[in-house]
Amino acid sequence: MIRDTTIGAKLWSAAVWLLTGFFILNVAGLMATVVLSSLSTRWLQSWLPAGFTTKWYISAWNEFQLGNVLTVTFEIVFVVVLLSGLVGVPAAYALARRNFPGKKLVILLFLLPLLVPPMTIGIPLATVLYQVGLGGTFWGVVFANLVPSVPFVVVVMIPFIEQIDPKIEAAAHVFGANVFQLFRYVLVPMLLPGVLAALLLVLVRTIAMFELTFLTAGPTSQTLVVALYYSVFAAGVRAVQSIDAMAVIYTVTTLVWLLIALRFVNPTQIVGRAR
Amino acid sequence: MAISIPASRPKLRQRLALRQIDGVTLLLLPALLVVVLLFVYPFAYGLLLSLRPKVGGFAANYIAFFTDPYLYNTIFATLNVSVPVTVLSLILALPIAFRVRLLKHQRLLTTILVIPITLGTVLVAEGLLNYLGPQGWFNRTLIWLGLIHSPIRLLHNYWGVFASLLITGFPFTFLMTLSYVSGVDPALERAAATLGANAGRRFWHIFLPLLVPGLAINFCLSFVQNFSVFPSAVLLGAPAGETRVIAIAAYQAAFEHYDYSMGSAIAIIMGVVQLLVVGLVLAVRNLFYRGSTTGAKG
Amino acid sequence: MTIASSRFDTLALQGVGRSFGPVNALHGVDLTIRRGEFVALLGPSGCGKSTTLNCIAGLLPITNGQILLDGKRIDTLPPEDRGFGMVFQNYALFPHMTVRQNIGFGLRMRGIAKDEAARRIEEAVRLVRLQGQEDKLPGQLSGGQQQRVSIARAVVIEPPLVLMDEPLSNLDAKLRLEMRAEIRRIHNALGATTIYVTHDQDEALSLADRIVVLRDGTIRQIGRPSELYEAPADIDVAEFMGFRNRIDGRSTKGENGLVRIEADGASISGKANGRIADGDAAVALFRAEDLTICPDDAGGIRATVDAVEYRGREFVGLARTKSGTVLSFTSETATEVGRDVTLSVDPGRVLVFPA
């Protein structure tokens, strides 16, 4: 790659970095605001809060029943991750290894749920779920979240499986492996890194999935992000600091998983594979 | 009585196997079932439901939508915020990606940028409510720098929504742009330089034509995200005024007026408008070279 | 022929060095290239030959020394202002442009008038024999055709200097021989000055007027192909030039300006390169084709045959001496594996270096 050393190029480069810095500064600023506010006794009309306290975390925990919300959130997220893995990975394997009539249509069918706005599918889906009595329940929320996550696993896993040489499977057969042994000794070890990465991405995305959960959740099946939305929406009812404490708890839960995920995947994969 | 099968005709199983339908292909079924039951069926149900309005003929919902400015203007309100944010994100992402591709250690920057995407619009909205407020750090800094004299209004209007979409949308666009820019064979740039092209012309004649297809996809995916704007339009915008986006209209119809038929109709209109924009961009994309972006054959 | 190199007399590299952080990829390179020469930069991978080429092209800034074109410094110029033509290892054809647009790119950047450009493109297409392919995209061409486009694109701008970075390494063996001849033909037809990077000594020997052997970022030897082939300057160059047999031993004085090396119970005479005193550790190097089987009483090197390969005109064998040194030899007849043989080599064909 060619590095330009003229003054014009240096000015341009400086401008680009300045812009990047400005963006990151604002993101950092808004996150710092949330954290500081959650720890403040009072914060009005000044650069920094008047004093610091941790009492808002206790009150947020009790007021918003965060214990329950967190339990429900993780139950939902883990069931969604498990089901999308169990259903999505075999489908991706079939699509990567077989060329059958109508394959393009099937792939389109898996792409559409990722492209259609969540509201567009969320409203009819919520209507259907309420009709069959699943609306507002735990399983209703799980089903709603499967709509984007199963296709996501399929779409992410297809290229991963395609890059594994099918001759390796042929070789295992030649050396006498039956279907179970092929699966146990060859496919699982080779697919594991990809599956792990895909599922961690599903996990992070499901924690942050707002619209579908919002439309299908009832009072007992709210995830953290929906609870946060309601409390922000009803601002004025609770102290701002209390809402911010909840926001910090949400941030921490998400970032922990994000950091774990980033050990296995590239940040660009979080935005999905571009092709 | 036994049914005799002509000897020349292979068994069904063999015929299917020839078309690559066998046990492995069947692994597809559970996922297909999920998509059909949870996506195709509700979608079809919603479509039919939208054609059976509470009052009036089968198209009454659609007629109502397109004759009531309070409803049809939501399309423009949505486009009015989603298109500028998408375009601005792309314009900012391109030069930054060109700079970042020269860095050896991109990981830190990409990690920082992925955080706002992961946290999502609800958290960003809560943060911005404070940060952009009249007493927030943003206004305070501008006053301190002497750029303004009294706080400017950035919340509960267009700019609040704009800022929140940019904060989650820009990193998304950037990370995709970076992967496209890194995908262009660096030897092409060197070749162009030895042939007398300076940095500007290398960008214009080599990079841009090779990047257009990727940027079009990038535009579509970013646009899809921004077009669905909902929580931040409610929390940071003016949900009854200039940021009454189409998602709000759909939600209100279905869950505040309990008119699921109308809600479904608006939801479907939303999907169609979005697909129209995506289709238009992809059609333009087809006019460009779309092959590999390396200088040598496979 | 109107495609011709613009004129210059000498390109001089003076003390050119390039370091990547603490690593010295290139160190103290002095080299003068005259107009019309075909110079090959030869060496194993990582020797600095491609770095040298990229420094001349301006794709890598140099960290020491200077590059002069007819006495004027050019090492501070960006690549687009140097005006050299370059052929890349992977061709680096612009995939979204047709053959014609690829070849015409440099002319377009120079603002050459349309009809003049069209005429020169046509001529370049004829030169590389690609008539009828002008409107294809690079992806529709074979490897050899892509390489021709890449050559045409480099020469059509009439550069003072054409730089080629392993242009044949991606082609199969047959095409490589064809293109080799083609490259030399084009060089002669244009009267161009060419710097050619390769790791293949055959390519360098057959193409170049002068060869520069690089190793570990420094120049080891500069010379005509025959000089390098007959009289390599050091052990590394010799091994690179096909002196595959190596015997380590102690030197003793021989007759007629030759030195003797005692090893494996035999003595080998050869030409001394460098100062070798009596009793010094020394190395004798010679080619497989100069080592032949001789009668057992002729006093050669005793060895046991390990393997024999048929090579069409002759047999090439591997034999192991008592001390374990493996030697390759040629013979006109097949030799049984496991047989004990005596091998000898003409002292005039043996090079002795200080160890």
# chains A, B, ... in the order shown; residues from 1 in each chain; ligands from 1
>>> residues_around(residues="segment 7-19 of chain C", least_positions_apart="6", cutoff="7 Å", atoms="only C-alpha atoms", output="list in words")
Ala25, Leu26, His27, Gly28, Val29, Asp30, Leu31, Thr32, Ile33, Arg34, Arg35, Ile62, Thr63, Asn64, Gly65, Gln66, Ile67, Leu68, Leu69, Asp70 and Pro160 of chain C
>>> select_by_dssp(residues="segment 69-303 of chain C", states="strand (DSSP E or B)", output="number ranges by chain")
C: 69, 72-73, 85-87, 162-165, 194-198, 210-215, 218-223, 245-253, 258-263, 266-272, 281-286, 291-294, 301-303
>>> closest_atom_pairs(of="chain C", to="chain A", cutoff="12 Å", atoms="only C-alpha atoms", output="tab-separated table")
residue	atom	partner	partner_atom	distance
C:Asn54	CA	A:Ile2	CA	10.8
C:Cys55	CA	A:Ile2	CA	11.7
C:Ala57	CA	A:Ile2	CA	11.4
C:Gly58	CA	A:Ile2	CA	8.9
C:Leu59	CA	A:Ile2	CA	6.2
C:Leu60	CA	A:Ile2	CA	7.5
C:Pro61	CA	A:Arg3	CA	8.9
C:Thr76	CA	A:Thr5	CA	9.8
C:Leu77	CA	A:Thr5	CA	10.2
C:Pro78	CA	A:Asp4	CA	7.9
C:Pro79	CA	A:Ile2	CA	9.0
C:Glu80	CA	A:Ile2	CA	10.8
>>> atom_distance(atom1="atom CA of Phe39 of chain B", atom2="atom CA of Phe152 of chain A")
13.7 Å
>>> residues_around(residues="Phe43 of chain B", least_positions_apart="2", cutoff="8 Å", atoms="only C-alpha atoms", output="list in words")
Ile121, Pro124 and Leu125 of chain A; Phe39, Val40, Tyr41, Tyr45, Gly46 and Leu47 of chain B
>>> write_last_selection(atoms="N, CA, C and O atoms", output="mmCIF file, in the first residue's frame")
data_model
loop_
_atom_site.group_PDB
_atom_site.id
_atom_site.type_symbol
_atom_site.label_atom_id
_atom_site.label_comp_id
_atom_site.auth_asym_id
_atom_site.auth_seq_id
_atom_site.Cartn_x
_atom_site.Cartn_y
_atom_site.Cartn_z
ATOM 1 N N ILE A 121 -42.814 -7.803 10.363
ATOM 2 C CA ILE A 121 -43.121 -9.178 10.715
ATOM 3 C C ILE A 121 -43.670 -9.242 12.140
ATOM 4 O O ILE A 121 -44.497 -10.088 12.461
ATOM 5 N N PRO A 124 -47.888 -8.800 12.550
ATOM 6 C CA PRO A 124 -48.674 -10.007 12.239
ATOM 7 C C PRO A 124 -48.301 -11.186 13.132
ATOM 8 O O PRO A 124 -49.178 -11.933 13.573
ATOM 9 N N LEU A 125 -47.012 -11.330 13.441
ATOM 10 C CA LEU A 125 -46.587 -12.454 14.279
ATOM 11 C C LEU A 125 -47.200 -12.352 15.665
ATOM 12 O O LEU A 125 -47.717 -13.345 16.203
ATOM 13 N N PHE B 39 -42.611 -17.150 10.086
ATOM 14 C CA PHE B 39 -42.416 -16.004 9.202
ATOM 15 C C PHE B 39 -43.425 -15.995 8.057
ATOM 16 O O PHE B 39 -44.211 -15.060 7.930
ATOM 17 N N VAL B 40 -43.431 -17.073 7.271
ATOM 18 C CA VAL B 40 -44.299 -17.085 6.094
ATOM 19 C C VAL B 40 -45.774 -17.075 6.503
ATOM 20 O O VAL B 40 -46.553 -16.253 6.020
ATOM 21 N N TYR B 41 -46.123 -17.976 7.454
ATOM 22 C CA TYR B 41 -47.527 -18.050 7.841
ATOM 23 C C TYR B 41 -48.021 -16.740 8.463
ATOM 24 O O TYR B 41 -49.031 -16.191 8.006
ATOM 25 N N TYR B 45 -50.862 -14.450 6.935
ATOM 26 C CA TYR B 45 -52.016 -14.170 7.793
ATOM 27 C C TYR B 45 -52.227 -12.653 7.910
ATOM 28 O O TYR B 45 -53.340 -12.152 7.775
ATOM 29 N N GLY B 46 -51.115 -11.943 8.114
ATOM 30 C CA GLY B 46 -51.201 -10.484 8.233
ATOM 31 C C GLY B 46 -51.713 -9.853 6.956
ATOM 32 O O GLY B 46 -52.512 -8.915 6.985
ATOM 33 N N LEU B 47 -51.255 -10.400 5.839
ATOM 34 C CA LEU B 47 -51.690 -9.860 4.545
ATOM 35 C C LEU B 47 -53.200 -10.017 4.394
ATOM 36 O O LEU B 47 -53.915 -9.073 4.029
#
>>> residues_around(residues="Asp290 of chain C", least_positions_apart="6", cutoff="12 Å", atoms="only C-alpha atoms", output="number ranges by chain")
C: 242-245, 316, 327-331, 343-351
>>> write_last_selection(atoms="C-alpha atoms", output="mmCIF file, in the first residue's frame")
data_model
loop_
_atom_site.group_PDB
_atom_site.id
_atom_site.type_symbol
_atom_site.label_atom_id
_atom_site.label_comp_id
_atom_site.auth_asym_id
_atom_site.auth_seq_id
_atom_site.Cartn_x
_atom_site.Cartn_y
_atom_site.Cartn_z
ATOM 1 C CA GLY C 242 23.865 -25.334 -9.511
ATOM 2 C CA PHE C 243 27.079 -26.403 -7.753
ATOM 3 C CA ARG C 244 25.143 -29.029 -5.847
ATOM 4 C CA ASN C 245 28.052 -31.187 -4.641
ATOM 5 C CA VAL C 316 21.658 -38.971 -12.555
ATOM 6 C CA LEU C 327 27.053 -36.554 -3.984
ATOM 7 C CA SER C 328 25.079 -36.453 -7.201
ATOM 8 C CA PHE C 329 26.745 -37.693 -10.357
ATOM 9 C CA THR C 330 25.882 -38.442 -13.958
ATOM 10 C CA SER C 331 26.554 -41.530 -15.989
ATOM 11 C CA LEU C 343 33.788 -41.010 -8.786
ATOM 12 C CA SER C 344 36.050 -38.394 -10.255
ATOM 13 C CA VAL C 345 35.835 -34.797 -11.379
ATOM 14 C CA ASP C 346 38.033 -32.636 -13.594
ATOM 15 C CA PRO C 347 40.030 -30.212 -11.363
ATOM 16 C CA GLY C 348 39.189 -27.405 -13.799
ATOM 17 C CA ARG C 349 35.528 -27.785 -12.897
ATOM 18 C CA VAL C 350 35.995 -27.680 -9.109
ATOM 19 C CA LEU C 351 35.790 -24.465 -7.087
#
>>> select_by_dssp(residues="segment 78-273 of chain B", states="helix (DSSP H, G or I)", output="PyMOL selection string")
chain B and resi 78-100+107-131+137-144+158-182+186-194+199-227+231-235+246-256+260-273
>>> residues_around(residues="segment 22-35 of chain A", least_positions_apart="2", cutoff="10 Å", atoms="only C-alpha atoms", output="MDAnalysis selection string")
(chainID A and resid 16:20 37:40 48 240:241 243:249 251) or (chainID B and resid 109 112:113 115:116 123:132 136:138 166:168 170:171)
>>> residues_around(residues="Ala14 of chain A", least_positions_apart="5", cutoff="12 Å", atoms="only C-alpha atoms", output="PyMOL selection string")
(chain A and resi 7-9+19-21) or (chain B and resi 95-96+99)
>>> write_last_selection(atoms="C-alpha atoms", output="mmCIF file, in the first residue's frame")
data_model
loop_
_atom_site.group_PDB
_atom_site.id
_atom_site.type_symbol
_atom_site.label_atom_id
_atom_site.label_comp_id
_atom_site.auth_asym_id
_atom_site.auth_seq_id
_atom_site.Cartn_x
_atom_site.Cartn_y
_atom_site.Cartn_z
ATOM 1 C CA ILE A 7 1.313 18.021 3.110
ATOM 2 C CA GLY A 8 -2.128 17.687 1.524
ATOM 3 C CA ALA A 9 -2.209 14.001 2.353
ATOM 4 C CA LEU A 19 -13.596 12.997 12.677
ATOM 5 C CA THR A 20 -13.100 9.480 14.045
ATOM 6 C CA GLY A 21 -12.002 10.920 17.356
ATOM 7 C CA PRO B 95 -12.495 8.016 3.948
ATOM 8 C CA ILE B 96 -12.124 6.575 7.445
ATOM 9 C CA ARG B 99 -7.256 5.406 6.426
#
>>> residues_around(residues="Asp135 of chain C", least_positions_apart="4", cutoff="10 Å", atoms="only C-alpha atoms", output="PyMOL selection string")
chain C and resi 97-101
>>> write_last_selection(atoms="N, CA, C and O atoms", output="PDB file, in the first residue's frame")
ATOM      1  N   MET C  97     -12.003  -3.163 -16.080  1.00  0.00           N
ATOM      2  CA  MET C  97     -11.716  -2.509 -17.352  1.00  0.00           C
ATOM      3  C   MET C  97     -11.412  -3.567 -18.409  1.00  0.00           C
ATOM      4  O   MET C  97     -10.838  -4.606 -18.111  1.00  0.00           O
ATOM      5  N   THR C  98     -11.761  -3.250 -19.664  1.00  0.00           N
ATOM      6  CA  THR C  98     -11.445  -4.168 -20.757  1.00  0.00           C
ATOM      7  C   THR C  98      -9.945  -4.136 -21.002  1.00  0.00           C
ATOM      8  O   THR C  98      -9.218  -3.314 -20.453  1.00  0.00           O
ATOM      9  N   VAL C  99      -9.496  -5.058 -21.851  1.00  0.00           N
ATOM     10  CA  VAL C  99      -8.082  -5.114 -22.225  1.00  0.00           C
ATOM     11  C   VAL C  99      -7.643  -3.749 -22.748  1.00  0.00           C
ATOM     12  O   VAL C  99      -6.614  -3.203 -22.336  1.00  0.00           O
ATOM     13  N   ARG C 100      -8.480  -3.170 -23.625  1.00  0.00           N
ATOM     14  CA  ARG C 100      -8.130  -1.879 -24.211  1.00  0.00           C
ATOM     15  C   ARG C 100      -8.006  -0.797 -23.132  1.00  0.00           C
ATOM     16  O   ARG C 100      -7.044  -0.025 -23.121  1.00  0.00           O
ATOM     17  N   GLN C 101      -8.971  -0.796 -22.198  1.00  0.00           N
ATOM     18  CA  GLN C 101      -8.939   0.227 -21.146  1.00  0.00           C
ATOM     19  C   GLN C 101      -7.751   0.029 -20.201  1.00  0.00           C
ATOM     20  O   GLN C 101      -7.143   0.990 -19.746  1.00  0.00           O
TER      21      GLN C 101
END
>>> closest_residue(among="B:Gly160, B:Pro213, B:Pro239, B:Gly196", to="Val181 of chain B", atoms="only C-alpha atoms")
B:Pro213
>>> closest_residue(among="A:Val154, A:Met190, A:Ile58, A:Met209", to="Leu109 of chain A", atoms="only C-alpha atoms")
A:Val154
>>> closest_atom_pairs(of="chain A", to="chain B", cutoff="7 Å", atoms="only C-alpha atoms", output="tab-separated table")
residue	atom	partner	partner_atom	distance
A:Met1	CA	B:Pro186	CA	5.9
A:Val16	CA	B:Ile96	CA	5.9
A:Leu30	CA	B:Gly127	CA	5.0
A:Met31	CA	B:Gly127	CA	6.1
A:Thr33	CA	B:Tyr131	CA	6.3
A:Val34	CA	B:Gly127	CA	5.5
A:Gln45	CA	B:Gln135	CA	5.7
A:Trp47	CA	B:Trp137	CA	6.9
A:Val87	CA	B:Ala31	CA	5.2
A:Gly88	CA	B:Ala31	CA	5.9
A:Pro90	CA	B:Leu27	CA	5.3
A:Ala91	CA	B:Leu28	CA	4.0
A:Ala94	CA	B:Thr25	CA	5.0
A:Arg98	CA	B:Gln20	CA	5.9
A:Asn99	CA	B:Gln20	CA	6.0
A:Phe100	CA	B:Gln20	CA	5.2
A:Leu115	CA	B:Val224	CA	6.6
A:Val116	CA	B:Gly271	CA	6.0
A:Pro117	CA	B:Ser228	CA	5.4
A:Pro118	CA	B:Ser228	CA	7.0
A:Met119	CA	B:Ala267	CA	6.3
A:Thr120	CA	B:Ala267	CA	4.2
A:Ile121	CA	B:Phe43	CA	6.4
A:Ile123	CA	B:Ser264	CA	6.2
A:Pro124	CA	B:Gly46	CA	4.8
A:Leu125	CA	B:Pro42	CA	5.1
A:Val128	CA	B:Pro42	CA	6.3
A:Val147	CA	B:Leu38	CA	6.2
A:Val150	CA	B:Ala31	CA	6.9
A:Val204	CA	B:Thr118	CA	7.0
A:Ala208	CA	B:Gly120	CA	5.9
A:Tyr229	CA	B:Val122	CA	6.1
A:Val232	CA	B:Glu126	CA	6.7
A:Phe233	CA	B:Leu235	CA	6.4
A:Ala247	CA	B:Leu123	CA	6.5
A:Thr251	CA	B:Leu119	CA	6.6
A:Thr254	CA	B:Leu119	CA	6.8
A:Pro267	CA	B:Thr111	CA	5.9
A:Thr268	CA	B:Leu175	CA	5.4
A:Val271	CA	B:Phe172	CA	6.0
A:Ala274	CA	B:Met176	CA	6.5
>>> interface_residues(of="chain B", to="chain C", cutoff="12 Å", atoms="only C-alpha atoms", output="PyMOL selection string")
chain B and resi 184-202+204-213+288-298
>>> write_last_selection(atoms="N, CA and C atoms", output="tab-separated table (two decimals), in the first residue's frame")
chain	number	residue	atom	x	y	z
B	184	VAL	N	-10.15	-5.12	-1.72
B	184	VAL	CA	-9.59	-4.74	-3.02
B	184	VAL	C	-8.10	-5.03	-3.02
B	185	ASP	N	-7.64	-5.77	-4.00
B	185	ASP	CA	-6.24	-6.17	-4.11
B	185	ASP	C	-5.32	-4.94	-4.09
B	186	PRO	N	-4.41	-4.85	-3.10
B	186	PRO	CA	-3.55	-3.66	-3.04
B	186	PRO	C	-2.65	-3.52	-4.27
B	187	ALA	N	-2.40	-4.62	-4.99
B	187	ALA	CA	-1.54	-4.54	-6.17
B	187	ALA	C	-2.17	-3.64	-7.24
B	188	LEU	N	-3.52	-3.57	-7.26
B	188	LEU	CA	-4.17	-2.72	-8.27
B	188	LEU	C	-3.81	-1.27	-8.05
B	189	GLU	N	-3.76	-0.87	-6.76
B	189	GLU	CA	-3.43	0.51	-6.46
B	189	GLU	C	-1.98	0.79	-6.88
B	190	ARG	N	-1.10	-0.18	-6.62
B	190	ARG	CA	0.30	0.00	-6.98
B	190	ARG	C	0.44	0.09	-8.49
B	191	ALA	N	-0.29	-0.78	-9.19
B	191	ALA	CA	-0.21	-0.76	-10.65
B	191	ALA	C	-0.65	0.60	-11.18
B	192	ALA	N	-1.76	1.11	-10.64
B	192	ALA	CA	-2.26	2.40	-11.11
B	192	ALA	C	-1.24	3.49	-10.83
B	193	ALA	N	-0.55	3.41	-9.67
B	193	ALA	CA	0.44	4.43	-9.34
B	193	ALA	C	1.60	4.40	-10.32
B	194	THR	N	2.09	3.20	-10.66
B	194	THR	CA	3.22	3.15	-11.60
B	194	THR	C	2.80	3.64	-12.97
B	195	LEU	N	1.49	3.61	-13.25
B	195	LEU	CA	1.03	4.08	-14.56
B	195	LEU	C	0.71	5.58	-14.54
B	196	GLY	N	0.98	6.23	-13.42
B	196	GLY	CA	0.87	7.69	-13.40
B	196	GLY	C	-0.36	8.24	-12.72
B	197	ALA	N	-1.12	7.41	-11.99
B	197	ALA	CA	-2.32	7.92	-11.33
B	197	ALA	C	-1.99	8.38	-9.92
B	198	ASN	N	-2.35	9.61	-9.56
B	198	ASN	CA	-2.11	10.06	-8.19
B	198	ASN	C	-3.24	9.57	-7.29
B	199	ALA	N	-3.14	9.89	-5.98
B	199	ALA	CA	-4.07	9.31	-5.01
B	199	ALA	C	-5.53	9.54	-5.40
B	200	GLY	N	-5.85	10.76	-5.82
B	200	GLY	CA	-7.22	11.08	-6.18
B	200	GLY	C	-7.71	10.25	-7.36
B	201	ARG	N	-6.87	10.13	-8.38
B	201	ARG	CA	-7.29	9.37	-9.56
B	201	ARG	C	-7.30	7.87	-9.29
B	202	ARG	N	-6.43	7.41	-8.39
B	202	ARG	CA	-6.48	5.99	-8.03
B	202	ARG	C	-7.83	5.69	-7.40
B	204	TRP	N	-10.67	7.44	-7.82
B	204	TRP	CA	-11.76	7.66	-8.77
B	204	TRP	C	-11.83	6.56	-9.83
B	205	HIS	N	-10.67	6.16	-10.38
B	205	HIS	CA	-10.69	5.22	-11.50
B	205	HIS	C	-10.60	3.76	-11.08
B	206	ILE	N	-9.99	3.50	-9.93
B	206	ILE	CA	-9.78	2.10	-9.55
B	206	ILE	C	-10.69	1.71	-8.39
B	207	PHE	N	-10.54	2.37	-7.24
B	207	PHE	CA	-11.28	1.93	-6.06
B	207	PHE	C	-12.78	2.10	-6.23
B	208	LEU	N	-13.20	3.31	-6.61
B	208	LEU	CA	-14.63	3.58	-6.62
B	208	LEU	C	-15.42	2.60	-7.50
B	209	PRO	N	-14.99	2.40	-8.77
B	209	PRO	CA	-15.77	1.46	-9.59
B	209	PRO	C	-15.79	0.05	-9.00
B	210	LEU	N	-14.71	-0.35	-8.32
B	210	LEU	CA	-14.69	-1.70	-7.75
B	210	LEU	C	-15.53	-1.77	-6.48
B	211	LEU	N	-15.69	-0.62	-5.81
B	211	LEU	CA	-16.41	-0.63	-4.53
B	211	LEU	C	-17.90	-0.41	-4.68
B	212	VAL	N	-18.34	0.16	-5.82
B	212	VAL	CA	-19.75	0.52	-5.96
B	212	VAL	C	-20.70	-0.63	-5.63
B	213	PRO	N	-20.47	-1.86	-6.16
B	213	PRO	CA	-21.41	-2.93	-5.82
B	213	PRO	C	-21.48	-3.19	-4.32
B	288	PHE	N	-23.18	-1.73	-12.84
B	288	PHE	CA	-21.74	-1.65	-12.63
B	288	PHE	C	-21.08	-3.02	-12.74
B	289	TYR	N	-19.74	-2.97	-12.87
B	289	TYR	CA	-18.94	-4.19	-12.84
B	289	TYR	C	-19.09	-4.84	-11.47
B	290	ARG	N	-19.34	-6.17	-11.44
B	290	ARG	CA	-19.58	-6.80	-10.15
B	290	ARG	C	-18.69	-8.01	-9.89
B	291	GLY	N	-17.63	-8.18	-10.72
B	291	GLY	CA	-16.81	-9.37	-10.56
B	291	GLY	C	-15.85	-9.27	-9.39
B	292	SER	N	-14.79	-10.05	-9.47
B	292	SER	CA	-13.84	-10.08	-8.36
B	292	SER	C	-13.08	-8.76	-8.29
B	293	THR	N	-12.52	-8.48	-7.11
B	293	THR	CA	-11.80	-7.23	-6.94
B	293	THR	C	-10.31	-7.51	-6.77
B	294	THR	N	-9.82	-8.59	-7.40
B	294	THR	CA	-8.39	-8.83	-7.38
B	294	THR	C	-7.87	-8.76	-8.81
B	295	GLY	N	-6.57	-8.56	-8.94
B	295	GLY	CA	-6.00	-8.30	-10.26
B	295	GLY	C	-5.61	-9.55	-11.01
B	296	ALA	N	-5.88	-10.73	-10.48
B	296	ALA	CA	-5.46	-11.94	-11.18
B	296	ALA	C	-6.58	-12.94	-11.16
B	297	LYS	N	-6.50	-13.89	-12.05
B	297	LYS	CA	-7.50	-14.93	-12.12
B	297	LYS	C	-7.36	-15.84	-10.92
B	298	GLY	N	-8.51	-16.27	-10.37
B	298	GLY	CA	-8.58	-17.17	-9.22
B	298	GLY	C	-7.24	-17.66	-8.81
>>> atom_distance(atom1="atom CA of Thr335 of chain C", atom2="atom CA of Gly312 of chain C")
14.8 Å
>>> closest_residue(among="C:Leu161, C:Ala233, C:Leu291, C:Leu168", to="Ala192 of chain C", atoms="only C-alpha atoms")
C:Leu161
>>> atom_distance(atom1="atom CA of Gln163 of chain A", atom2="atom CA of Leu196 of chain A")
16.4 Å
>>> decode(residues="segment 24-34 of chain B", atoms="N, CA, C and O atoms", output="CSV table (one decimal), in the first residue's frame")
chain,number,residue,atom,x,y,z
B,24,VAL,N,-29.2,-35.9,4.0
B,24,VAL,CA,-28.5,-34.7,4.3
B,24,VAL,C,-29.5,-33.5,4.0
B,24,VAL,O,-29.6,-32.6,4.8
B,25,THR,N,-30.1,-33.6,2.9
B,25,THR,CA,-31.0,-32.5,2.5
B,25,THR,C,-32.1,-32.3,3.5
B,25,THR,O,-32.6,-31.2,3.7
B,26,LEU,N,-32.5,-33.5,4.1
B,26,LEU,CA,-33.7,-33.4,5.0
B,26,LEU,C,-33.3,-32.6,6.3
B,26,LEU,O,-34.2,-32.2,7.0
B,27,LEU,N,-32.0,-32.5,6.5
B,27,LEU,CA,-31.6,-31.7,7.7
B,27,LEU,C,-32.2,-30.3,7.6
B,27,LEU,O,-32.2,-29.5,8.6
B,28,LEU,N,-32.6,-29.9,6.4
B,28,LEU,CA,-33.1,-28.5,6.2
B,28,LEU,C,-34.5,-28.4,6.8
B,28,LEU,O,-34.8,-27.2,7.2
B,29,LEU,N,-35.2,-29.5,6.9
B,29,LEU,CA,-36.6,-29.4,7.3
B,29,LEU,C,-36.9,-28.6,8.6
B,29,LEU,O,-37.8,-27.7,8.5
B,30,PRO,N,-36.3,-28.9,9.7
B,30,PRO,CA,-36.6,-28.2,10.9
B,30,PRO,C,-36.5,-26.7,10.7
B,30,PRO,O,-37.5,-25.9,11.1
B,31,ALA,N,-35.4,-26.2,10.1
B,31,ALA,CA,-35.3,-24.7,10.0
B,31,ALA,C,-36.3,-24.2,9.0
B,31,ALA,O,-36.9,-23.1,9.2
B,32,LEU,N,-36.6,-25.0,8.0
B,32,LEU,CA,-37.6,-24.5,7.0
B,32,LEU,C,-39.0,-24.4,7.7
B,32,LEU,O,-39.8,-23.5,7.5
B,33,LEU,N,-39.3,-25.4,8.6
B,33,LEU,CA,-40.5,-25.4,9.4
B,33,LEU,C,-40.6,-24.1,10.2
B,33,LEU,O,-41.6,-23.5,10.3
B,34,VAL,N,-39.5,-23.8,10.9
B,34,VAL,CA,-39.5,-22.6,11.7
B,34,VAL,C,-39.8,-21.4,10.9
B,34,VAL,O,-40.7,-20.6,11.3
